[in-house]
Structures are given as structure tokens and as C-alpha cells.
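Heads up, work.cif below (mmCIF, C-alpha atoms):
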```cif
data_protein
#
loop_
_atom_site.label_atom_id
_atom_site.label_comp_id
_atom_site.auth_asym_id
_atom_site.auth_seq_id
_atom_site.Cartn_x
_atom_site.Cartn_y
_atom_site.Cartn_z
CA HIS A 1 0.00 0.00 0.00
CA SER A 2 2.04 2.93 -1.30
CA SER A 3 0.13 5.62 0.59
CA GLY A 4 0.87 3.81 3.84
CA CYS A 5 -0.24 5.29 7.13
CA GLY A 6 -1.15 8.56 5.44
CA CYS A 7 1.69 10.59 6.96
CA ALA A 8 2.47 12.34 3.68
CA SER A 9 -1.11 13.59 3.49
CA LEU A 10 -0.89 15.44 6.77
CA SER A 11 -0.16 18.98 5.72
CA ARG A 12 -1.80 21.76 7.70
CA ASN A 13 -4.35 22.38 4.94
CA ALA A 14 -5.27 18.73 4.38
CA LEU A 15 -8.54 18.65 6.32
CA THR A 16 -11.35 18.05 3.84
CA THR A 17 -13.36 15.11 5.12
CA ASP A 18 -16.21 15.06 7.61
CA TYR A 19 -15.44 12.83 10.54
CA THR A 20 -18.08 10.97 12.53
CA ASP A 21 -17.05 9.46 15.83
CA LEU A 22 -17.56 5.72 15.50
CA TYR A 23 -16.56 4.93 19.04
CA ASN A 24 -19.18 6.46 21.31
CA ASP A 25 -18.87 3.50 23.64
CA TYR A 26 -15.18 4.15 24.16
CA GLU A 27 -14.35 4.80 27.82
CA SER A 28 -11.25 6.86 28.45
CA GLU A 29 -8.78 5.55 31.00
CA GLU A 30 -7.18 7.68 33.66
CA LEU A 31 -3.48 8.21 32.96
CA SER A 32 -1.19 7.30 35.83
CA GLU A 33 0.67 10.00 37.73
CA ASN A 34 4.13 8.47 37.95
CA ALA A 35 7.46 10.15 38.57
CA ILE A 36 9.26 11.74 35.65
CA LEU A 37 12.11 9.63 34.28
CA GLN A 38 15.54 11.19 34.47
CA PRO A 39 17.18 12.28 31.21
CA ILE A 40 19.82 10.04 29.70
CA ASN A 41 23.36 11.06 30.60
CA PRO A 42 24.25 13.70 27.99
CA LEU A 43 27.86 12.48 27.89
CA GLU A 44 26.62 9.22 26.41
CA ASP A 45 24.32 10.70 23.81
CA LEU A 46 26.66 11.16 20.84
CA VAL A 47 28.25 8.49 18.66
CA LEU A 48 31.17 9.25 16.35
CA ILE A 49 30.51 7.97 12.83
CA GLU A 50 33.78 7.70 10.92
CA GLY A 51 33.34 8.99 7.38
CA GLY A 52 33.44 6.70 4.39
CA SER A 53 31.78 5.60 1.18
CA PHE A 54 28.68 3.45 0.88
CA LEU A 55 25.93 2.47 -1.52
CA MET A 56 22.86 4.58 -0.77
CA GLY A 57 19.37 3.50 -1.78
CA THR A 58 18.51 0.21 -3.44
CA ASN A 59 18.21 -1.34 -6.87
CA ASN A 60 15.31 -3.44 -5.60
CA PRO A 61 12.80 -0.79 -4.55
CA ILE A 62 9.60 -1.91 -2.89
CA LEU A 63 7.79 1.43 -3.08
CA LEU A 64 8.71 2.73 -6.52
CA SER A 65 7.05 6.12 -6.15
CA ASP A 66 9.12 6.94 -3.03
CA GLY A 67 12.43 7.28 -4.87
CA GLU A 68 14.20 4.44 -3.08
CA SER A 69 16.29 3.71 -6.17
CA PRO A 70 18.76 3.68 -7.77
CA ARG A 71 21.62 2.43 -5.65
CA ARG A 72 24.40 4.99 -5.88
CA GLN A 73 27.83 5.63 -4.42
CA VAL A 74 27.99 8.31 -1.75
CA THR A 75 30.83 9.48 0.48
CA VAL A 76 30.23 11.29 3.75
CA SER A 77 32.66 12.98 6.12
CA SER A 78 32.90 12.00 9.77
CA PHE A 79 30.17 13.30 12.06
CA TYR A 80 28.59 12.74 15.45
CA ILE A 81 25.00 11.54 15.70
CA ASP A 82 22.62 11.22 18.62
CA LYS A 83 22.54 7.67 19.91
CA TYR A 84 18.85 8.13 20.66
CA GLU A 85 15.91 10.03 19.25
CA VAL A 86 15.43 13.34 21.07
CA SER A 87 13.31 12.61 24.14
CA ASN A 88 10.67 14.69 25.87
CA ASP A 89 13.14 15.25 28.70
CA LYS A 90 15.68 16.67 26.26
CA TYR A 91 13.10 18.80 24.49
CA LEU A 92 11.98 20.24 27.81
CA GLU A 93 15.53 21.50 28.42
CA PHE A 94 15.37 23.33 25.10
CA VAL A 95 11.99 24.89 25.83
CA LYS A 96 13.05 25.99 29.31
CA SER A 97 16.20 27.57 27.88
CA THR A 98 14.60 29.35 24.91
CA ASN A 99 10.85 29.66 25.62
CA TYR A 100 10.40 28.22 22.13
CA SER A 101 6.86 27.46 20.95
CA THR A 102 6.45 24.69 18.41
CA GLU A 103 4.41 25.13 15.26
CA SER A 104 1.76 22.81 16.70
CA GLU A 105 1.36 25.25 19.59
CA LEU A 106 1.16 28.21 17.23
CA PHE A 107 -1.41 26.50 15.01
CA GLY A 108 -3.26 25.29 18.09
CA TRP A 109 -3.57 21.67 16.97
CA SER A 110 -1.76 18.69 15.47
CA PHE A 111 -2.53 15.27 13.97
CA VAL A 112 -3.08 12.32 16.31
CA PHE A 113 -3.73 8.68 15.43
CA GLU A 114 -7.38 8.00 16.27
CA SER A 115 -6.95 5.06 18.64
CA ALA A 116 -4.52 7.10 20.78
CA ILE A 117 -6.99 9.93 21.43
CA PRO A 118 -8.85 9.97 24.76
CA TYR A 119 -12.63 10.10 24.27
CA ASN A 120 -12.99 13.58 25.76
CA ASN A 121 -10.55 14.95 23.20
CA LYS A 122 -12.15 13.12 20.28
CA LYS A 123 -15.87 13.57 20.74
CA ASP A 124 -16.08 17.04 19.18
CA ILE A 125 -13.84 16.43 16.15
CA THR A 126 -15.67 16.93 12.86
CA GLU A 127 -12.88 16.82 10.26
CA ALA A 128 -10.39 14.25 8.99
CA VAL A 129 -8.02 13.74 6.07
CA TYR A 130 -9.44 12.09 2.96
CA GLY A 131 -7.82 8.69 2.48
CA ALA A 132 -6.27 8.79 5.96
CA GLU A 133 -9.32 9.14 8.18
CA TRP A 134 -7.47 7.51 11.08
CA TRP A 135 -5.53 10.77 11.52
CA LEU A 136 -7.53 13.42 13.36
CA PRO A 137 -6.74 17.06 14.15
CA VAL A 138 -6.75 17.41 17.93
CA ASN A 139 -6.95 20.89 19.40
CA GLY A 140 -4.26 21.48 21.98
CA SER A 141 -2.07 18.54 20.95
CA TYR A 142 1.65 19.30 20.90
CA TRP A 143 4.87 17.71 22.13
CA ARG A 144 4.03 17.98 25.84
CA GLU A 145 0.39 16.89 25.51
CA PRO A 146 0.65 14.62 22.46
CA GLU A 147 -2.93 13.30 22.62
CA GLY A 148 -4.40 16.66 23.54
CA PRO A 149 -5.36 18.36 26.83
CA GLY A 150 -4.89 16.19 29.91
CA THR A 151 -2.15 13.96 28.44
CA ASP A 152 0.99 15.63 29.84
CA VAL A 153 3.99 13.38 29.19
CA PHE A 154 5.60 14.36 32.48
CA LYS A 155 2.57 13.28 34.50
CA THR A 156 2.41 9.94 32.70
CA ASN A 157 6.00 8.69 32.98
CA ARG A 158 6.83 9.47 29.35
CA GLY A 159 9.83 11.76 29.69
CA ASN A 160 12.03 9.16 28.00
CA LEU A 161 9.79 8.73 24.97
CA PRO A 162 10.64 10.62 21.78
CA ALA A 163 9.41 14.18 21.48
CA VAL A 164 6.78 14.16 18.73
CA HIS A 165 4.47 16.68 17.07
CA ILE A 166 7.77 18.23 16.06
CA SER A 167 7.82 19.91 12.65
CA TRP A 168 10.95 20.06 10.51
CA ASN A 169 11.28 23.71 11.46
CA ASP A 170 11.02 22.86 15.17
CA ALA A 171 13.61 20.09 14.84
CA LYS A 172 16.04 22.36 13.03
CA ARG A 173 15.79 24.99 15.76
CA PHE A 174 16.46 22.42 18.50
CA CYS A 175 19.53 21.04 16.73
CA GLU A 176 20.91 24.53 16.21
CA TRP A 177 20.40 25.25 19.91
CA LYS A 178 22.41 22.11 20.71
CA GLY A 179 25.25 23.31 18.48
CA GLY A 180 24.39 20.87 15.72
CA ARG A 181 22.04 20.35 12.81
CA LEU A 182 19.71 17.82 11.27
CA PRO A 183 21.46 14.96 9.47
CA THR A 184 21.44 14.90 5.71
CA GLU A 185 19.58 11.94 4.25
CA ALA A 186 22.94 10.46 3.22
CA GLU A 187 24.36 10.79 6.74
CA TRP A 188 21.23 9.29 8.26
CA GLU A 189 21.30 6.28 5.96
CA PHE A 190 25.06 5.80 6.36
CA ALA A 191 24.63 5.78 10.14
CA ALA A 192 21.60 3.47 10.00
CA ARG A 193 23.44 0.90 7.87
CA GLY A 194 26.03 0.51 10.62
CA GLY A 195 28.94 -0.15 8.29
CA LYS A 196 27.16 -2.90 6.35
CA GLU A 197 26.01 -2.87 2.73
CA GLY A 198 22.77 -3.90 1.08
CA LEU A 199 20.82 -5.01 4.16
CA MET A 200 17.10 -4.50 4.57
CA TYR A 201 17.32 -3.37 8.21
CA PRO A 202 20.13 -1.89 10.29
CA TRP A 203 20.90 -5.31 11.79
CA GLY A 204 20.34 -7.61 8.80
CA ASN A 205 17.70 -8.98 6.43
CA THR A 206 15.51 -10.79 8.99
CA LEU A 207 12.98 -8.61 10.75
CA LYS A 208 12.92 -10.71 13.92
CA PRO A 209 16.19 -12.65 14.21
CA LYS A 210 15.64 -15.70 16.42
CA GLY A 211 12.12 -14.40 17.03
CA GLU A 212 13.37 -11.24 18.78
CA HIS A 213 11.68 -7.91 18.18
CA LYS A 214 14.27 -5.29 17.22
CA ALA A 215 12.04 -2.29 16.53
CA ASN A 216 8.73 -0.68 17.45
CA ILE A 217 6.45 -1.18 14.46
CA PHE A 218 2.79 -2.09 13.92
CA GLN A 219 1.32 -5.55 14.39
CA GLY A 220 -2.21 -6.48 13.44
CA THR A 221 -4.48 -5.11 10.71
CA PHE A 222 -3.93 -1.43 10.01
CA PRO A 223 -5.69 0.91 10.78
CA GLN A 224 -7.36 -1.17 13.50
CA PRO A 225 -5.67 -0.91 16.91
CA ASN A 226 -2.11 -2.15 17.13
CA ILE A 227 -2.01 -5.53 18.91
CA ALA A 228 1.48 -4.63 20.17
CA GLU A 229 3.28 -7.96 19.93
CA ASP A 230 6.53 -6.00 20.32
CA GLY A 231 5.33 -4.62 23.65
CA TYR A 232 4.25 -1.15 22.53
CA GLU A 233 0.98 0.05 21.06
CA PHE A 234 2.29 3.53 20.44
CA LEU A 235 5.70 5.10 21.12
CA CYS A 236 8.40 3.36 23.15
CA PRO A 237 11.30 4.77 25.20
CA VAL A 238 14.18 6.07 23.12
CA ASP A 239 16.48 3.41 24.59
CA ALA A 240 14.12 0.44 24.09
CA PHE A 241 15.11 -2.72 22.17
CA GLY A 242 18.87 -2.15 22.45
CA PRO A 243 21.21 -0.94 19.69
CA GLN A 244 19.98 -1.75 16.20
CA ASN A 245 23.41 -1.85 14.56
CA ASP A 246 27.15 -2.05 15.17
CA PHE A 247 27.35 1.73 15.58
CA GLY A 248 25.29 1.42 18.76
CA LEU A 249 22.33 3.48 17.53
CA TYR A 250 18.83 2.97 18.92
CA ASN A 251 15.49 3.08 17.09
CA MET A 252 16.85 4.22 13.75
CA ILE A 253 13.92 2.39 12.24
CA GLY A 254 10.49 2.22 13.84
CA ASN A 255 9.14 4.20 16.80
CA ALA A 256 9.10 7.72 15.29
CA TRP A 257 9.82 9.06 11.84
CA GLU A 258 12.96 11.20 11.83
CA TRP A 259 13.36 14.41 9.87
CA VAL A 260 16.45 14.90 7.74
CA GLU A 261 17.81 18.12 6.29
CA ASP A 262 17.12 17.44 2.61
CA TRP A 263 14.26 18.64 0.48
CA TYR A 264 12.47 15.57 -0.82
CA THR A 265 13.04 14.41 -4.38
CA VAL A 266 12.72 11.16 -6.31
CA LYS A 267 15.27 12.27 -8.92
CA HIS A 268 18.72 11.34 -7.68
CA ILE A 269 22.15 12.10 -9.09
CA THR A 270 23.60 8.71 -10.00
CA SER A 271 27.26 9.67 -10.32
CA PRO A 272 29.40 9.37 -7.15
CA GLN A 273 28.63 12.17 -4.69
CA VAL A 274 30.48 13.60 -1.69
CA ASN A 275 28.40 14.93 1.21
CA PRO A 276 25.21 15.38 -0.88
CA LYS A 277 22.58 17.67 0.60
CA GLY A 278 19.70 17.11 -1.80
CA PRO A 279 17.92 19.73 -3.91
CA LEU A 280 18.35 23.44 -3.24
CA PHE A 281 14.60 23.97 -3.13
CA GLY A 282 11.43 21.96 -2.65
CA LYS A 283 7.98 21.81 -1.13
CA GLU A 284 8.43 18.90 1.28
CA LYS A 285 11.20 17.62 3.49
CA ALA A 286 12.41 14.03 3.58
CA LYS A 287 12.11 11.83 6.63
CA LYS A 288 13.49 8.39 7.38
CA GLY A 289 13.03 5.33 9.54
CA GLY A 290 9.30 4.68 9.65
CA SER A 291 7.32 4.57 12.88
CA PHE A 292 5.19 2.49 15.23
CA LEU A 293 2.42 2.71 12.60
CA CYS A 294 4.41 1.01 9.82
CA ILE A 295 3.55 -2.54 8.79
CA LYS A 296 4.72 -4.54 5.77
CA SER A 297 1.23 -4.94 4.31
CA PHE A 298 0.39 -1.24 4.44
CA CYS A 299 3.43 1.02 4.95
CA TYR A 300 6.64 -0.95 4.47
CA ARG A 301 8.87 1.99 5.27
CA TYR A 302 10.80 0.71 8.26
CA ARG A 303 13.57 -0.39 5.91
CA THR A 304 16.93 1.42 5.82
CA ALA A 305 16.50 2.50 2.18
CA ALA A 306 12.87 3.56 2.66
CA ARG A 307 11.91 7.22 2.83
CA TYR A 308 8.91 9.51 2.91
CA HIS A 309 8.04 13.20 2.92
CA SER A 310 5.98 15.93 4.59
CA THR A 311 5.72 19.70 4.49
CA PRO A 312 8.18 21.46 6.85
CA ASP A 313 5.37 22.74 9.10
CA SER A 314 3.58 19.41 9.46
CA ALA A 315 3.57 17.53 12.75
CA THR A 316 2.14 14.22 13.91
CA LEU A 317 2.08 11.82 16.84
CA ASN A 318 4.69 9.65 15.09
CA THR A 319 7.27 12.18 13.90
CA GLY A 320 10.38 13.09 15.87
CA PHE A 321 14.07 13.54 15.11
CA ARG A 322 17.69 13.24 16.17
CA CYS A 323 20.61 15.61 15.58
CA VAL A 324 24.15 15.39 14.24
CA ARG A 325 27.21 17.50 14.86
CA ASP A 326 30.18 18.18 12.66
CA VAL A 327 33.65 16.98 13.57
CA ASP A 328 36.45 19.54 13.79
CA VAL A 329 38.96 18.04 11.37
CA LYS A 330 41.96 19.62 13.09
CA SER A 331 41.18 18.38 16.58
CA ASN A 332 38.93 15.45 15.64
CA ASP A 333 36.52 16.76 18.24
CA LEU A 334 33.13 18.41 18.41
CA THR A 335 32.89 21.79 16.78
CA ASP A 336 32.29 24.77 19.04
CA GLU A 337 28.79 25.51 20.22
CA LEU A 338 26.80 27.74 17.90
#
```
Show this structure as C-alpha cells.
Amino acid sequence: HSSGCGCASLSRNALTTDYTDLYNDYESEELSENAILQPINPLEDLVLIEGGSFLMGTNNPILLSDGESPRRQVTVSSFYIDKYEVSNDKYLEFVKSTNYSTESELFGWSFVFESAIPYNNKKDITEAVYGAEWWLPVNGSYWREPEGPGTDVFKTNRGNLPAVHISWNDAKRFCEWKGGRLPTEAEWEFAARGGKEGLMYPWGNTLKPKGEHKANIFQGTFPQPNIAEDGYEFLCPVDAFGPQNDFGLYNMIGNAWEWVEDWYTVKHITSPQVNPKGPLFGKEKAKKGGSFLCIKSFCYRYRTAARYHSTPDSATLNTGFRCVRDVDVKSNDLTDEL
């Protein structure tokens, strides 16, 4: 199913379809008031990726319209990348330091997957997205209250889950504040491949080696509720499942989509490239890795070569990010803070 979970349809002006609540018998559950998890030690958050050449993309694309092919030689310089997706705890530090308001806060709403929305936040919704009616605009949803009012992540023990409802613009601002930037698509894929060539996933070609779940993706029949065989119906902690590759990176695929710097295109330069940054202009930004809503039968985009796209101001319950930082060639150390 090439349209997948409908993420690419979720621009801010996409609401065209009347929505009728089909779940009047749904009873909302009280969210627990647990202690906030402590942030991960910041000294352990960055992984040095030694530069090198690799084959980006694939010559065996599964979703032809996504621009997964052709396979092409790319060289990237050394860089540091976050070991984990940016968590709510980390995003809170940014907000406290800068008083930054995300685009979801400025717009006053964001897109939430229907089965995640508490009844009280869903009962008055009248619009949806044509072809992706399982995504609903929830007033008051943003990174701190991802399912709308009353769903504060810090009152529900979710500080260590990825910050979501983050637009590309929001993610870029955070990375700049940290003295870094968003990864290019080439850097992201190079890091995700973990030094190996031609594999379907960061760890190999078998989704569940020896029956072990390695990523937070969807199980069941989409868009019915996720049966959560991997232990998570929605998002999971940024350090869940263990490292996915030999570089020691967590949740590169699954959990939350991750923004990259590049404008999205399906027309790739096939000659060898060094540190490619994508087109100079575009309408949508690329994102990588898939999310907890991806499933092979409907949105097979949790593969290393897979990719998708959204407008820079769009935000959803399943879109987050991680940052990279340049390496100072002379000292082989982190560049100075911006």
C-alpha cells in the first residue's frame, strides 16, 4: 500500500473530510501520575561515525514512487550523531532555555492517530483527512500533551519517549540550539546501515532474528488498533530494544519518523557524490526510519532505504528527530557551540 499510514497527506491544509465518531462507547482511562524519568546522561548521547563511502538506496525498490532507487555511491565525512531520538526530557531542556513554541502550539492543533486519542478529546472532532481518516486534528495537541489536553507526558511517565508533534522547522531549531544540525539523508542512511552494505534493516535482512523484536512497528491489521506484539501500542522509550546496529544506535527504524535536512526528491544524481545535501529547493522535506504505525502490508517503510516526505510545518504523533554535529577536522573533536 504505497500511501501507507497517510503521513504524507498530513499537511496543515489537508482537512477536507467530515469525521463521525464511530466509538461512542469508548471509555477513556485515567493516565497514571508516575514520577518523571531522568534524562539520559548527555555524555553518552553522541556516537562518532567515521566517514566513508557506501551504496545509498537500493536497486530493488519496494515502493517505486518513493524514490528508493537507484543504488548509488555516496561518500560522507565523519560526524557525530545522537545515539537516541530526542526525548521529551531533552526537548523540555530546550523549551526551558529558549521559551520556544512549536508550530503545533502556534497553530493550536496537530494530527493524532485516532486510537490514541482519549474520548474527551475526540468527541467534538468533525474533520479528517481524505484517504487517511485515522488521523484526526486534535486541538491542543503538541509535544508535551501529544494526545491533547490532559495527556501531559511528564505526568504519565513518558519523559524518556521521543518528542513528537515536532515539525521540521522545530527540529532544526532544536539542533541549532544544541550546536548541531539535522542529518542529511545520506548521513542518516550511512549511520543506520552501521557499516554494512545492502541489508534490509540496520541489523540484517531478517525482521525478527531468532524471534526477537528489534524495533517498534505495527502488528495487526492497520488501521485497526495495534495488537502490540513488540510490547508497545504507540511510542516506546528512546532506549528500548537495544542498539539496532554495530554503531550502537537505537530506534533508527520504527518508533518515530525522523526528519532529515534534505528537500524531498525522487530524482537522484547517480554519479558518485560527496556529502550530498539534496535539492536546493522543494515543497516537502524528507524523513526516514518509519514509525510504530508502519507494517509490511500497508506502509513498508521501516527499511533502511525507505523514505517519505511531509511539508516542513507538518507535525504528527509519530514524527520526531535526532541531531548530528560536525567533527572539527583539526582536533577530531566536536565543533564549538553555535
Next item on the list: Pick out the closest residue to Met56 in chain A from this set: A:Ser87, A:Ser291, A:Ser69, A:Asn157. Count only C-alpha atoms.
Entry: A:Ser69
Item checked: Ground truth for the PyMOL selection byres ((chain A and resi 259) around 9), written as a PyMOL selection string -> chain A and resi 167-168+171-172+182-183+185+257-258+260-262+285-288+309+319-322
Next item on the list: Can you give me, as JSON, numbers by chain, the residues this file yields under the PyMOL selection byres ((chain A and resi 225) around 12)?
Entry: {"A": [113, 114, 115, 116, 117, 134, 218, 219, 220, 221, 222, 223, 224, 226, 227, 228, 229, 232, 233, 234, 292, 293]}
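Within the file as shown, the PyMOL selection byres ((chain A and resi 316) around 10) identifies Cys7, Leu10, Ser11, Ser104, Trp109, Ser110, Phe111, Val112, Phe113, Trp135, Leu136, Pro137, Ser141, Tyr142, Trp143, Pro146, Val164, His165, Ile166, Ser167, Ala256, Trp257, Ser314, Ala315, Leu317, Asn318, Thr319 and Gly320 of chain A.
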Which range 153-217 of chain A residues have any atom within 9 Å of an atom of range 274-277 of chain A, and for each, what is the nearest pair of atoms with distance in Å to one decimal, counting all atoms listed in the file, rows sorted by chain and number, as a Markdown table?
```
| residue | atom | partner | partner_atom | distance |
| --- | --- | --- | --- | --- |
| A:Thr184 | CA | A:Lys277 | CA | 5.9 |
| A:Glu185 | CA | A:Lys277 | CA | 7.4 |
| A:Ala186 | CA | A:Pro276 | CA | 6.8 |
| A:Glu187 | CA | A:Asn275 | CA | 8.0 |
```
Item checked: Distance in Å - CA of Gly194 in chain A versus CA of Ser78 in chain A ->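 Answer for the CA of Gly194 in chain A to CA of Ser78 in chain A separation: 13.4 Å.
With all atoms listed in the file as the atoms that count, the minimum distance from Val138 in chain A to the choices A:Gly282, A:Pro243, A:Pro312, A:Gly108 is reached by A:Gly108.
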Checklist line | Closest of A:Ser101, A:Asn59, A:Thr151, A:Asn245 to Gly195 in chain A - atom-to-atom distances counting all atoms listed in the file | finding: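 The closest residue to Gly195 in chain A is A:Asn245.
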Next item on the list: Quote the spacing between CA of Gly150 in chain A and CA of Thr98 in chain A in Å to one decimal place.
Entry: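 Taking CA of Gly150 in chain A and CA of Thr98 in chain A, their separation equals 24.0 Å.
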Margin query: Just to confirm, what's the straight-line distance from CA of Ser65 in chain A to CA of Met252 in chain A in Å (one decimal)?
Written below: 22.3 Å
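Using all atoms listed in the file, the nearest neighbour of Arg193 in chain A within the list A:Cys323, A:Cys236, A:Cys175, A:Ala305 is A:Ala305.
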Check: Which residue out of A:Thr75, A:Gly211, A:Ala192, A:Val86 has the minimum interatomic distance to Ala306 in chain A when all atoms listed in the file are used?
Finding: A:Ala192
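For the point (9.2, 0.7, 30.4), the residues with an atom at a distance of at most 10 Å are Asn157, Arg158, Asn160, Leu161, Gly231, Tyr232, Cys236, Pro237, Asp239 and Ala240 of chain A, counting all atoms listed in the file.
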Item checked: Of the listed residues A:Gly140, A:Pro61, A:Gly131, A:Pro279, that which approaches Thr304 in chain A most closely, counting all atoms listed in the file ->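 Residue with the minimum atom-to-atom distance to Thr304 in chain A: A:Pro61.
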